[in-house]
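Visitor: Next comes the structure file coords-v1.cif, holding mmCIF, C-alpha atoms (C1' of nucleotides).
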data_upload
loop_
_atom_site.label_atom_id
_atom_site.label_comp_id
_atom_site.auth_asym_id
_atom_site.auth_seq_id
_atom_site.Cartn_x
_atom_site.Cartn_y
_atom_site.Cartn_z
CA MET X 206 -7.23 8.02 -27.43
CA ASN X 207 -3.73 8.34 -28.90
CA THR X 208 -0.63 10.38 -28.09
CA SER X 209 -1.49 13.38 -30.25
CA ASP X 210 -5.04 13.62 -28.88
CA ALA X 211 -3.56 13.59 -25.41
CA ILE X 212 -0.99 16.29 -26.18
CA GLU X 213 -3.83 18.41 -27.55
CA ILE X 214 -5.74 18.01 -24.29
CA LEU X 215 -2.68 19.02 -22.27
CA LYS X 216 -2.02 22.08 -24.44
CA ASN X 217 -5.62 23.22 -24.20
CA LYS X 218 -5.40 23.06 -20.44
CA GLY X 219 -2.17 25.06 -20.37
CA TYR X 220 0.22 22.24 -19.52
CA LYS X 221 3.62 22.24 -21.15
CA THR X 222 4.82 19.70 -23.66
CA THR X 223 8.06 17.98 -22.71
CA GLY X 224 9.95 15.02 -24.10
CA LYS X 225 9.17 12.97 -21.03
CA ARG X 226 5.48 13.72 -21.25
CA LYS X 227 5.40 12.63 -24.89
CA ASP X 228 7.32 9.45 -24.10
CA ILE X 229 4.96 8.56 -21.28
CA LEU X 230 2.05 8.94 -23.65
CA SER X 231 3.57 6.80 -26.38
CA PHE X 232 4.42 4.16 -23.77
CA PHE X 233 0.75 3.83 -22.87
CA GLU X 234 -0.39 4.08 -26.47
CA LYS X 235 1.87 1.19 -27.40
CA ALA X 236 0.98 -0.79 -24.25
CA ASP X 237 -2.70 -1.30 -25.12
CA GLY X 238 -3.52 -2.44 -21.58
CA TYR X 239 -2.83 -1.75 -17.92
CA ARG X 240 0.68 -0.85 -16.75
CA THR X 241 2.13 0.09 -13.35
CA ALA X 242 4.27 3.04 -12.35
CA LYS X 243 7.14 0.58 -12.11
CA ASP X 244 6.63 -0.56 -15.70
CA LEU X 245 6.74 3.07 -16.78
CA ILE X 246 9.88 3.84 -14.78
CA GLN X 247 11.62 0.86 -16.32
CA PHE X 248 10.73 2.11 -19.79
CA LEU X 249 11.76 5.71 -19.17
CA GLU X 250 15.04 4.71 -17.51
CA GLU X 251 16.24 3.51 -20.93
CA THR X 252 16.11 7.06 -22.23
CA TYR X 253 16.28 9.16 -19.08
CA GLU X 254 18.59 7.52 -16.60
CA GLY X 255 17.77 8.50 -13.05
CA ILE X 256 14.36 9.97 -13.82
CA SER X 257 12.63 11.23 -10.70
CA PHE X 258 9.70 9.51 -9.01
CA ASP X 259 8.17 12.92 -8.82
CA THR X 260 8.00 13.14 -12.59
CA ILE X 261 6.49 9.68 -12.93
CA TYR X 262 3.79 10.00 -10.31
CA ARG X 263 2.98 13.64 -10.96
CA ASN X 264 2.32 12.91 -14.60
CA LEU X 265 0.38 9.71 -13.97
CA HIS X 266 -1.79 11.64 -11.57
CA LEU X 267 -2.23 14.52 -14.00
CA TYR X 268 -3.09 12.29 -16.93
CA ASN X 269 -5.63 10.48 -14.84
CA GLU X 270 -7.17 13.75 -13.71
CA VAL X 271 -7.61 15.16 -17.20
CA GLY X 272 -8.96 11.86 -18.51
CA ILE X 273 -6.02 10.71 -20.62
CA LEU X 274 -5.46 7.65 -18.46
CA GLU X 275 -7.83 5.50 -16.47
CA ALA X 276 -6.70 3.68 -13.35
CA THR X 277 -7.50 0.51 -11.47
CA GLU X 278 -6.06 -1.30 -8.50
CA LEU X 279 -4.58 -4.81 -8.87
CA ASN X 280 -2.59 -6.62 -6.14
CA GLY X 281 -1.94 -3.52 -4.13
CA GLU X 282 -0.60 -1.47 -7.03
CA LYS X 283 -2.25 1.13 -9.22
CA HIS X 284 -2.43 0.20 -12.90
CA PHE X 285 -3.00 2.69 -15.69
CA ARG X 286 -4.12 2.50 -19.30
CA MET X 287 -5.04 4.89 -22.09
CA ASN X 288 -8.61 6.01 -21.68
CA CYS X 289 -11.11 4.87 -24.28
CA THR X 290 -13.32 7.90 -24.56
CA SER X 291 -15.48 6.63 -27.41
CA HIS X 292 -18.28 5.12 -25.32
CA HIS X 293 -19.02 3.68 -21.89
CA HIS X 294 -17.84 0.11 -21.49
CA HIS X 295 -15.98 -2.24 -19.16
CA HIS X 296 -12.95 -4.50 -19.44
CA PHE X 297 -11.70 -8.00 -19.21
CA ILE X 298 -8.16 -7.62 -17.82
CA CYS X 299 -5.47 -10.27 -18.31
CA LYS X 300 -3.72 -10.93 -15.01
CA ASP X 301 -0.58 -11.91 -16.86
CA CYS X 302 0.06 -9.32 -19.56
CA GLY X 303 -2.34 -6.57 -18.49
CA LYS X 304 -4.01 -6.40 -21.89
CA THR X 305 -7.71 -5.67 -21.93
CA LYS X 306 -10.75 -6.60 -23.97
CA GLU X 307 -13.78 -4.39 -24.10
CA ILE X 308 -17.02 -5.68 -22.58
CA GLU X 309 -20.12 -3.97 -23.87
CA VAL X 310 -22.46 -5.20 -21.16
CA CYS X 311 -23.20 -2.71 -18.39
CA PRO X 312 -25.86 -3.57 -15.85
CA MET X 313 -26.17 -0.13 -14.28
CA ASP X 314 -29.55 0.74 -15.78
CA GLU X 315 -31.10 -2.26 -14.13
CA VAL X 316 -29.15 -1.82 -10.91
CA GLN X 317 -30.38 1.73 -10.40
CA LYS X 318 -33.91 0.49 -9.95
CA SER X 319 -32.90 -1.23 -6.73
CA LEU X 320 -31.06 1.84 -5.40
CA VAL X 321 -33.71 4.51 -5.02
CA ASN X 322 -32.59 7.09 -2.45
CA TYR X 323 -28.98 6.03 -2.91
CA GLU X 324 -26.66 8.59 -4.51
CA ILE X 325 -24.61 6.66 -7.08
CA GLU X 326 -21.27 8.33 -7.81
CA ASP X 327 -19.34 5.62 -9.56
CA HIS X 328 -19.18 1.94 -10.38
CA LYS X 329 -16.62 -0.66 -11.30
CA PHE X 330 -17.17 -3.79 -13.33
CA GLU X 331 -14.05 -5.74 -14.21
CA ILE X 332 -13.40 -9.33 -15.24
CA TYR X 333 -10.01 -10.87 -14.46
CA GLY X 334 -8.31 -13.93 -15.93
CA LEU X 335 -6.03 -15.04 -18.72
CA CYS X 336 -6.31 -13.92 -22.30
CA PRO X 337 -5.96 -16.57 -25.05
CA ALA X 338 -2.33 -15.67 -25.68
CA CYS X 339 -1.31 -16.03 -22.03
CA GLN X 340 -3.01 -19.40 -21.46
CA SER X 341 -0.54 -21.39 -23.53
CA ILE X 342 2.52 -20.11 -21.70
CA MET P 30 -21.97 -15.20 8.48
CA ASN P 31 -21.72 -14.41 12.18
CA THR P 32 -19.05 -14.75 14.86
CA SER P 33 -19.94 -18.29 15.95
CA ASP P 34 -20.04 -19.59 12.37
CA ALA P 35 -16.62 -18.09 11.87
CA ILE P 36 -15.18 -19.62 15.04
CA GLU P 37 -16.52 -22.97 13.86
CA ILE P 38 -14.71 -22.58 10.55
CA LEU P 39 -11.47 -21.73 12.34
CA LYS P 40 -11.77 -24.71 14.70
CA ASN P 41 -12.46 -27.11 11.86
CA LYS P 42 -9.32 -25.93 10.14
CA GLY P 43 -7.22 -26.38 13.28
CA TYR P 44 -6.80 -22.71 14.18
CA LYS P 45 -6.91 -21.76 17.82
CA THR P 46 -9.56 -19.59 19.41
CA THR P 47 -8.25 -16.55 21.23
CA GLY P 48 -9.84 -13.53 22.81
CA LYS P 49 -8.42 -11.29 20.13
CA ARG P 50 -9.73 -13.49 17.34
CA LYS P 51 -13.21 -13.44 18.83
CA ASP P 52 -13.11 -9.68 19.27
CA ILE P 53 -12.01 -9.17 15.68
CA LEU P 54 -14.95 -11.26 14.53
CA SER P 55 -17.49 -9.44 16.62
CA PHE P 56 -16.08 -6.12 15.39
CA PHE P 57 -16.86 -7.11 11.81
CA GLU P 58 -20.19 -8.67 12.72
CA LYS P 59 -21.26 -5.44 14.36
CA ALA P 60 -19.80 -3.29 11.58
CA ASP P 61 -22.11 -4.54 8.82
CA GLY P 62 -19.97 -3.01 6.10
CA TYR P 63 -16.38 -2.42 5.00
CA ARG P 64 -13.72 -1.49 7.54
CA THR P 65 -9.96 -0.90 7.28
CA ALA P 66 -7.10 -2.39 9.28
CA LYS P 67 -6.81 1.00 10.94
CA ASP P 68 -10.46 0.92 12.04
CA LEU P 69 -9.83 -2.49 13.56
CA ILE P 70 -6.65 -1.41 15.34
CA GLN P 71 -8.48 1.55 16.84
CA PHE P 72 -11.21 -0.76 18.15
CA LEU P 73 -8.83 -3.36 19.57
CA GLU P 74 -6.61 -0.75 21.23
CA GLU P 75 -9.48 -0.05 23.63
CA THR P 76 -9.17 -3.55 25.05
CA TYR P 77 -5.63 -4.57 24.13
CA GLU P 78 -3.37 -1.55 24.42
CA GLY P 79 -0.32 -1.90 22.21
CA ILE P 80 -1.67 -4.77 20.12
CA SER P 81 0.77 -5.80 17.41
CA PHE P 82 0.39 -5.07 13.70
CA ASP P 83 1.33 -8.65 13.17
CA THR P 84 -1.79 -9.82 14.96
CA ILE P 85 -4.04 -7.48 13.04
CA TYR P 86 -2.77 -8.21 9.55
CA ARG P 87 -2.14 -11.92 10.09
CA ASN P 88 -5.71 -12.43 11.19
CA LEU P 89 -7.22 -10.25 8.48
CA HIS P 90 -5.27 -12.23 5.93
CA LEU P 91 -6.27 -15.55 7.49
CA TYR P 92 -9.96 -14.65 7.71
CA ASN P 93 -9.90 -13.58 4.09
CA GLU P 94 -8.22 -16.80 3.05
CA VAL P 95 -10.72 -19.08 4.79
CA GLY P 96 -13.66 -17.05 3.51
CA ILE P 97 -14.76 -15.36 6.73
CA LEU P 98 -13.99 -11.91 5.37
CA GLU P 99 -14.12 -10.50 1.89
CA ALA P 100 -11.84 -7.66 0.81
CA THR P 101 -11.89 -4.74 -1.56
CA GLU P 102 -9.64 -1.82 -2.29
CA LEU P 103 -10.81 1.77 -1.73
CA ASN P 104 -8.54 4.85 -1.91
CA GLY P 105 -5.32 2.88 -1.58
CA GLU P 106 -6.38 0.91 1.49
CA LYS P 107 -7.78 -2.58 1.84
CA HIS P 108 -11.27 -2.74 3.28
CA PHE P 109 -12.79 -5.85 4.82
CA ARG P 110 -16.28 -7.04 5.64
CA MET P 111 -17.98 -10.21 6.86
CA ASN P 112 -18.53 -12.53 3.95
CA CYS P 113 -22.10 -13.21 2.91
CA THR P 114 -21.94 -16.86 2.00
CA SER P 115 -25.62 -17.32 1.31
CA HIS P 116 -25.57 -16.64 -2.43
CA HIS P 117 -23.60 -14.82 -5.11
CA HIS P 118 -24.29 -11.12 -5.22
CA HIS P 119 -22.61 -7.72 -5.41
CA HIS P 120 -22.62 -4.55 -3.33
CA PHE P 121 -23.38 -0.91 -3.27
CA ILE P 122 -20.72 0.57 -0.94
CA CYS P 123 -21.22 3.85 0.88
CA LYS P 124 -18.08 5.97 0.53
CA ASP P 125 -18.84 7.67 3.81
CA CYS P 126 -19.76 4.98 6.34
CA GLY P 127 -18.65 1.85 4.49
CA LYS P 128 -22.04 0.18 4.85
CA THR P 129 -23.17 -1.98 1.98
CA LYS P 130 -26.39 -2.93 0.25
CA GLU P 131 -26.74 -6.15 -1.66
CA ILE P 132 -27.25 -5.98 -5.40
CA GLU P 133 -28.80 -9.07 -6.91
CA VAL P 134 -27.93 -8.27 -10.52
CA CYS P 135 -24.89 -10.08 -11.91
CA PRO P 136 -24.16 -9.81 -15.60
CA MET P 137 -21.56 -12.56 -15.78
CA ASP P 138 -23.72 -15.09 -17.63
CA GLU P 139 -24.19 -12.71 -20.47
CA VAL P 140 -20.61 -11.48 -20.40
CA GLN P 141 -19.18 -14.97 -20.77
CA LYS P 142 -20.67 -15.23 -24.23
CA SER P 143 -18.34 -12.51 -25.45
CA LEU P 144 -15.28 -14.09 -23.83
CA VAL P 145 -14.84 -17.44 -25.55
CA ASN P 146 -11.23 -18.60 -25.27
CA TYR P 147 -10.68 -16.30 -22.32
CA GLU P 148 -10.08 -17.98 -18.96
CA ILE P 149 -12.22 -16.10 -16.45
CA GLU P 150 -10.88 -16.37 -12.89
CA ASP P 151 -12.69 -13.62 -11.09
CA HIS P 152 -14.82 -10.54 -11.46
CA LYS P 153 -15.67 -7.43 -9.51
CA PHE P 154 -18.84 -5.41 -9.71
CA GLU P 155 -19.20 -2.64 -7.17
CA ILE P 156 -21.28 0.52 -7.00
CA TYR P 157 -20.00 3.46 -4.96
CA GLY P 158 -21.79 6.48 -3.57
CA LEU P 159 -23.72 7.73 -0.56
CA CYS P 160 -26.34 5.74 1.30
CA PRO P 161 -29.57 7.54 2.31
CA ALA P 162 -28.35 8.08 5.86
CA CYS P 163 -25.07 9.72 4.79
CA GLN P 164 -26.62 12.11 2.26
CA SER P 165 -28.20 14.39 4.84
CA ILE P 166 -24.99 14.97 6.80
"C1'" DT D 231 15.77 37.09 -25.71
"C1'" DT D 232 13.88 37.62 -21.59
"C1'" DA D 233 11.07 36.47 -17.83
"C1'" DC D 234 8.14 33.73 -15.41
"C1'" DA D 235 5.44 29.91 -14.58
"C1'" DA D 236 5.69 25.13 -14.83
"C1'" DA D 237 8.42 20.82 -14.89
"C1'" DT D 238 11.94 18.07 -13.19
"C1'" DC D 239 15.57 16.60 -10.03
"C1'" DG D 240 17.44 14.32 -6.02
"C1'" DT D 241 16.20 12.74 -2.10
"C1'" DA D 242 13.70 12.42 2.19
"C1'" DA D 243 9.28 11.36 4.29
"C1'" DT D 244 5.01 8.91 4.67
"C1'" DG D 245 1.75 5.32 5.32
"C1'" DA D 246 0.12 0.82 4.76
"C1'" DT D 247 1.64 -3.59 5.10
"C1'" DT D 248 4.94 -7.43 5.89
"C1'" DA D 249 8.51 -9.90 8.39
"C1'" DC D 250 10.88 -12.03 12.29
"C1'" DG D 251 13.08 -13.81 16.51
"C1'" DA D 252 11.53 -14.15 21.12
"C1'" DT D 253 7.84 -15.07 24.25
"C1'" DA D 254 3.14 -16.43 25.63
"C1'" DA D 255 -1.05 -18.96 25.21
"C1'" DT D 256 -4.03 -22.79 23.57
"C1'" DA D 257 -5.32 -27.51 22.67
"C1'" DT D 258 -4.58 -32.28 23.12
"C1'" DA D 259 -3.15 -36.50 24.93
"C1'" DA D 260 -1.27 -38.95 28.76
"C1'" DT Q 247 -4.62 -31.87 35.45
"C1'" DT Q 248 -0.33 -31.52 33.69
"C1'" DA Q 249 3.12 -31.82 30.09
"C1'" DT Q 250 4.10 -30.87 25.53
"C1'" DA Q 251 3.76 -29.48 20.90
"C1'" DT Q 252 1.98 -26.20 18.15
"C1'" DT Q 253 0.09 -21.89 17.22
"C1'" DA Q 254 -0.56 -16.96 18.39
"C1'" DT Q 255 1.16 -12.73 19.78
"C1'" DC Q 256 4.60 -9.20 20.84
"C1'" DG Q 257 7.76 -5.52 19.83
"C1'" DT Q 258 9.93 -3.67 16.45
"C1'" DA Q 259 12.38 -3.30 12.11
"C1'" DA Q 260 12.02 -3.67 7.14
"C1'" DT Q 261 9.70 -3.15 2.79
"C1'" DC Q 262 7.25 -1.19 -0.93
"C1'" DA Q 263 4.53 2.02 -3.34
"C1'" DT Q 264 3.65 6.57 -3.26
"C1'" DT Q 265 4.01 11.50 -1.85
"C1'" DA Q 266 6.44 15.71 -0.73
"C1'" DC Q 267 9.73 19.50 -1.19
"C1'" DG Q 268 13.45 22.94 -1.88
"C1'" DA Q 269 16.58 23.70 -5.59
"C1'" DT Q 270 17.32 23.83 -10.41
"C1'" DT Q 271 16.09 23.56 -15.20
"C1'" DT Q 272 13.08 24.16 -19.10
"C1'" DG Q 273 9.08 25.52 -22.16
"C1'" DT Q 274 6.42 29.28 -23.72
"C1'" DA Q 275 4.53 33.75 -24.62
"C1'" DA Q 276 5.53 38.53 -25.01
#
Just give me the structure of the file as structure tokens.
Guide:
Amino acid sequence: MNTSDAIEILKNKGYKTTGKRKDILSFFEKADGYRTAKDLIQFLEETYEGISFDTIYRNLHLYNEVGILEATELNGEKHFRMNCTSHHHHHFICKDCGKTKEIEVCPMDEVQKSLVNYEIEDHKFEIYGLCPACQSI
Amino acid sequence: MNTSDAIEILKNKGYKTTGKRKDILSFFEKADGYRTAKDLIQFLEETYEGISFDTIYRNLHLYNEVGILEATELNGEKHFRMNCTSHHHHHFICKDCGKTKEIEVCPMDEVQKSLVNYEIEDHKFEIYGLCPACQSI
DNA sequence: TTACAAATCGTAATGATTACGATAATATAA
DNA sequence: TTATATTATCGTAATCATTACGATTTGTAA
């Protein structure tokens, strides 16, 4: 997903296009990994001094709801990244820089066999560590 | 892991045994699934009216550190359960009652092949949904 | 260009968790 | 068993991320 895809989604759902919304999208497009609300605030402060928390969190929440962003929880903070809609997969997440690498393995087919009578709603499979670039630092 | 195993661990590490510590352990032993700090406070208030947050969170943190409890994050709150030390496995977690079912499948061996040069520190594989008992309610 | 719904602002409130100085309780050694 | 050192707990305030809200501004469609 990129910024213009995302704007298209918002328009189709009747949400308005604003400068802040576009900048939030390009921030995540450029980020290519997980970022926190704080990271986003810091970025937007450069352009929009004194931007409201309301704007930050409302839009993060909205983007997550319409599938533009996906979220995960790391050290007590929510982290967000551009959603990869292409196909189902999981991520290696670098604890240092937040960048991700796609993992194609998903064990859910096999797991379901051992969960008859259980109603599966969701699953999470994430690998944490240091990416090659962050190991040398 | 049960309460007496856990007390043994604490003793061996030089931590003192108190009534509250024992009660916290038996709470989690009885629970057989994930519980929040709030759940624990509610339980302990019955016996120890006005128990301090400090006691709750300090002990949860300690038990997690020494491997008595394991933790996960669900809807913005930390959830804790007795650690199953026997062997490596993952969990189905019921969103309603917090009870868990062990999943023996772990795809990490296979995943590692696609992560050469990545330093893997940790991984999480959890399945969420409703257990048979909670579906009928 | 107008009008109205939606977005943002500025700031206060919330909720989970952490922190801390004072006090109490436990374990150990005499 | 008693003294003593160390650890645990208390009571409460502080912190941190996130949510909420009335007032104001802005985008969009007619």
Visitor: Can you list, as a ChimeraX atom specification, the residues that the PyMOL selection byres ((chain P) within 12 of (chain D)) selects here?
Guide: /P:40,43-49,65-67,82-87,89-90,104-107
Visitor: Hey, what comes out of the PyMOL selection byres ((chain X and resi 332-341) around 7) on this file? Could you write it as an NGL selection string?
Guide: (:X and (296-301 or 330-331 or 342)) or (:P and (146-153))
Visitor: For a quick test of understanding: name the residues of chain Q lying within 12 Å of chain X when counting all atoms listed in the file, and present them as a list of chain:residue names.
Guide: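 The contacting residues on chain Q are Q:DC262, Q:DA263, Q:DT264, Q:DT265, Q:DA266, Q:DC267, Q:DT272, Q:DG273, Q:DT274, Q:DA275.
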Visitor: Can you measure atom CA of P:Asp52 to atom C1' of Q:DT253 for me? One decimal in Å is fine.
Guide: 18.1 Å
Visitor: Could you check how far atom CA of P:Ala100 sits from atom CA of P:Gly62, in Å to one decimal?
Guide: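 For atom CA of P:Ala100 relative to atom CA of P:Gly62, the distance reads 10.8 Å.
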Visitor: Both chains have the same sequence, so superpose chain P on chain X over all Cα atoms paired in order and return it as an mmCIF file with C-alpha atoms, keeping the file's coordinate frame.
Guide:
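And here's result37.cif as it stands now:
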data_model
loop_
_atom_site.group_PDB
_atom_site.id
_atom_site.type_symbol
_atom_site.label_atom_id
_atom_site.label_comp_id
_atom_site.auth_asym_id
_atom_site.auth_seq_id
_atom_site.Cartn_x
_atom_site.Cartn_y
_atom_site.Cartn_z
ATOM 1 C CA MET P 30 -7.245 8.028 -27.431
ATOM 2 C CA ASN P 31 -3.756 8.345 -28.881
ATOM 3 C CA THR P 32 -0.656 10.393 -28.089
ATOM 4 C CA SER P 33 -1.535 13.409 -30.244
ATOM 5 C CA ASP P 34 -5.075 13.632 -28.855
ATOM 6 C CA ALA P 35 -3.580 13.587 -25.397
ATOM 7 C CA ILE P 36 -1.027 16.299 -26.164
ATOM 8 C CA GLU P 37 -3.883 18.407 -27.510
ATOM 9 C CA ILE P 38 -5.784 17.990 -24.255
ATOM 10 C CA LEU P 39 -2.722 19.006 -22.252
ATOM 11 C CA LYS P 40 -2.093 22.083 -24.415
ATOM 12 C CA ASN P 41 -5.693 23.213 -24.157
ATOM 13 C CA LYS P 42 -5.447 23.036 -20.399
ATOM 14 C CA GLY P 43 -2.227 25.061 -20.338
ATOM 15 C CA TYR P 44 0.178 22.227 -19.538
ATOM 16 C CA LYS P 45 3.546 22.242 -21.217
ATOM 17 C CA THR P 46 4.747 19.642 -23.679
ATOM 18 C CA THR P 47 7.996 17.952 -22.755
ATOM 19 C CA GLY P 48 9.938 15.036 -24.123
ATOM 20 C CA LYS P 49 9.166 12.988 -21.052
ATOM 21 C CA ARG P 50 5.455 13.702 -21.284
ATOM 22 C CA LYS P 51 5.391 12.602 -24.906
ATOM 23 C CA ASP P 52 7.330 9.446 -24.119
ATOM 24 C CA ILE P 53 4.975 8.565 -21.284
ATOM 25 C CA LEU P 54 2.051 8.919 -23.663
ATOM 26 C CA SER P 55 3.565 6.795 -26.370
ATOM 27 C CA PHE P 56 4.435 4.150 -23.767
ATOM 28 C CA PHE P 57 0.763 3.822 -22.866
ATOM 29 C CA GLU P 58 -0.383 4.057 -26.470
ATOM 30 C CA LYS P 59 1.892 1.183 -27.384
ATOM 31 C CA ALA P 60 1.016 -0.794 -24.253
ATOM 32 C CA ASP P 61 -2.662 -1.316 -25.096
ATOM 33 C CA GLY P 62 -3.484 -2.455 -21.582
ATOM 34 C CA TYR P 63 -2.793 -1.778 -17.907
ATOM 35 C CA ARG P 64 0.705 -0.885 -16.741
ATOM 36 C CA THR P 65 2.157 0.069 -13.345
ATOM 37 C CA ALA P 66 4.294 3.038 -12.338
ATOM 38 C CA LYS P 67 7.167 0.584 -12.094
ATOM 39 C CA ASP P 68 6.662 -0.566 -15.694
ATOM 40 C CA LEU P 69 6.770 3.062 -16.771
ATOM 41 C CA ILE P 70 9.896 3.849 -14.756
ATOM 42 C CA GLN P 71 11.656 0.868 -16.298
ATOM 43 C CA PHE P 72 10.764 2.105 -19.788
ATOM 44 C CA LEU P 73 11.784 5.712 -19.162
ATOM 45 C CA GLU P 74 15.071 4.732 -17.508
ATOM 46 C CA GLU P 75 16.260 3.534 -20.920
ATOM 47 C CA THR P 76 16.127 7.086 -22.234
ATOM 48 C CA TYR P 77 16.290 9.203 -19.085
ATOM 49 C CA GLU P 78 18.622 7.543 -16.612
ATOM 50 C CA GLY P 79 17.802 8.553 -13.060
ATOM 51 C CA ILE P 80 14.382 10.011 -13.841
ATOM 52 C CA SER P 81 12.638 11.248 -10.712
ATOM 53 C CA PHE P 82 9.712 9.540 -8.991
ATOM 54 C CA ASP P 83 8.167 12.940 -8.826
ATOM 55 C CA THR P 84 7.991 13.134 -12.600
ATOM 56 C CA ILE P 85 6.499 9.686 -12.931
ATOM 57 C CA TYR P 86 3.785 9.990 -10.310
ATOM 58 C CA ARG P 87 2.958 13.641 -10.969
ATOM 59 C CA ASN P 88 2.308 12.901 -14.609
ATOM 60 C CA LEU P 89 0.375 9.702 -13.970
ATOM 61 C CA HIS P 90 -1.810 11.613 -11.562
ATOM 62 C CA LEU P 91 -2.251 14.506 -13.989
ATOM 63 C CA TYR P 92 -3.101 12.262 -16.941
ATOM 64 C CA ASN P 93 -5.647 10.456 -14.816
ATOM 65 C CA GLU P 94 -7.187 13.718 -13.693
ATOM 66 C CA VAL P 95 -7.623 15.128 -17.200
ATOM 67 C CA GLY P 96 -8.972 11.828 -18.500
ATOM 68 C CA ILE P 97 -6.026 10.684 -20.609
ATOM 69 C CA LEU P 98 -5.454 7.632 -18.441
ATOM 70 C CA GLU P 99 -7.817 5.485 -16.461
ATOM 71 C CA ALA P 100 -6.688 3.654 -13.330
ATOM 72 C CA THR P 101 -7.482 0.484 -11.467
ATOM 73 C CA GLU P 102 -6.042 -1.343 -8.516
ATOM 74 C CA LEU P 103 -4.555 -4.839 -8.885
ATOM 75 C CA ASN P 104 -2.585 -6.663 -6.153
ATOM 76 C CA GLY P 105 -1.894 -3.535 -4.129
ATOM 77 C CA GLU P 106 -0.552 -1.482 -7.030
ATOM 78 C CA LYS P 107 -2.218 1.100 -9.226
ATOM 79 C CA HIS P 108 -2.412 0.169 -12.883
ATOM 80 C CA PHE P 109 -2.981 2.660 -15.680
ATOM 81 C CA ARG P 110 -4.111 2.482 -19.280
ATOM 82 C CA MET P 111 -5.037 4.874 -22.081
ATOM 83 C CA ASN P 112 -8.609 5.974 -21.652
ATOM 84 C CA CYS P 113 -11.105 4.858 -24.262
ATOM 85 C CA THR P 114 -13.291 7.908 -24.571
ATOM 86 C CA SER P 115 -15.448 6.640 -27.394
ATOM 87 C CA HIS P 116 -18.256 5.144 -25.313
ATOM 88 C CA HIS P 117 -18.990 3.690 -21.889
ATOM 89 C CA HIS P 118 -17.833 0.129 -21.497
ATOM 90 C CA HIS P 119 -15.964 -2.221 -19.172
ATOM 91 C CA HIS P 120 -12.947 -4.501 -19.441
ATOM 92 C CA PHE P 121 -11.699 -7.996 -19.207
ATOM 93 C CA ILE P 122 -8.151 -7.638 -17.801
ATOM 94 C CA CYS P 123 -5.490 -10.279 -18.321
ATOM 95 C CA LYS P 124 -3.723 -10.946 -15.018
ATOM 96 C CA ASP P 125 -0.595 -11.945 -16.872
ATOM 97 C CA CYS P 126 0.058 -9.334 -19.563
ATOM 98 C CA GLY P 127 -2.335 -6.584 -18.486
ATOM 99 C CA LYS P 128 -4.004 -6.412 -21.891
ATOM 100 C CA THR P 129 -7.698 -5.680 -21.924
ATOM 101 C CA LYS P 130 -10.744 -6.585 -23.964
ATOM 102 C CA GLU P 131 -13.777 -4.367 -24.091
ATOM 103 C CA ILE P 132 -17.006 -5.643 -22.601
ATOM 104 C CA GLU P 133 -20.110 -3.931 -23.891
ATOM 105 C CA VAL P 134 -22.450 -5.166 -21.166
ATOM 106 C CA CYS P 135 -23.189 -2.674 -18.392
ATOM 107 C CA PRO P 136 -25.865 -3.520 -15.873
ATOM 108 C CA MET P 137 -26.151 -0.084 -14.300
ATOM 109 C CA ASP P 138 -29.540 0.803 -15.790
ATOM 110 C CA GLU P 139 -31.104 -2.179 -14.173
ATOM 111 C CA VAL P 140 -29.185 -1.781 -10.934
ATOM 112 C CA GLN P 141 -30.375 1.781 -10.420
ATOM 113 C CA LYS P 142 -33.919 0.550 -9.989
ATOM 114 C CA SER P 143 -32.936 -1.189 -6.776
ATOM 115 C CA LEU P 144 -31.075 1.848 -5.435
ATOM 116 C CA VAL P 145 -33.704 4.550 -5.033
ATOM 117 C CA ASN P 146 -32.575 7.114 -2.461
ATOM 118 C CA TYR P 147 -28.978 6.041 -2.915
ATOM 119 C CA GLU P 148 -26.647 8.588 -4.512
ATOM 120 C CA ILE P 149 -24.608 6.678 -7.082
ATOM 121 C CA GLU P 150 -21.254 8.337 -7.818
ATOM 122 C CA ASP P 151 -19.324 5.623 -9.545
ATOM 123 C CA HIS P 152 -19.182 1.954 -10.371
ATOM 124 C CA LYS P 153 -16.616 -0.648 -11.288
ATOM 125 C CA PHE P 154 -17.160 -3.768 -13.322
ATOM 126 C CA GLU P 155 -14.057 -5.726 -14.211
ATOM 127 C CA ILE P 156 -13.415 -9.312 -15.246
ATOM 128 C CA TYR P 157 -10.035 -10.872 -14.481
ATOM 129 C CA GLY P 158 -8.327 -13.917 -15.920
ATOM 130 C CA LEU P 159 -6.050 -15.065 -18.721
ATOM 131 C CA CYS P 160 -6.313 -13.929 -22.316
ATOM 132 C CA PRO P 161 -5.965 -16.582 -25.061
ATOM 133 C CA ALA P 162 -2.335 -15.686 -25.692
ATOM 134 C CA CYS P 163 -1.308 -16.051 -22.030
ATOM 135 C CA GLN P 164 -3.021 -19.407 -21.463
ATOM 136 C CA SER P 165 -0.548 -21.423 -23.505
ATOM 137 C CA ILE P 166 2.534 -20.140 -21.679
#
Visitor: Residues picked by the PyMOL selection byres ((chain Q and resi 258) around 10) here, as a PDB file with C-alpha atoms (C1' of nucleotides), keeping the file's coordinate frame?
Guide:
ATOM      1  CA  SER P  81       0.770  -5.800  17.410  1.00  0.00           C
TER       2      SER P  81
ATOM      3  C1'  DC D 250      10.880 -12.030  12.290  1.00  0.00           C
TER       4       DC D 250
ATOM      5  C1'  DC Q 256       4.600  -9.200  20.840  1.00  0.00           C
ATOM      6  C1'  DG Q 257       7.760  -5.520  19.830  1.00  0.00           C
ATOM      7  C1'  DA Q 259      12.380  -3.300  12.110  1.00  0.00           C
ATOM      8  C1'  DA Q 260      12.020  -3.670   7.140  1.00  0.00           C
TER       9       DA Q 260
END
Visitor: Tell me which of X:Asp237, X:Arg286, X:His294, X:Leu279 sits closest to chain P, counting all atoms listed in the file.
Guide: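 Distance minimum relative to chain P lands on X:Leu279.
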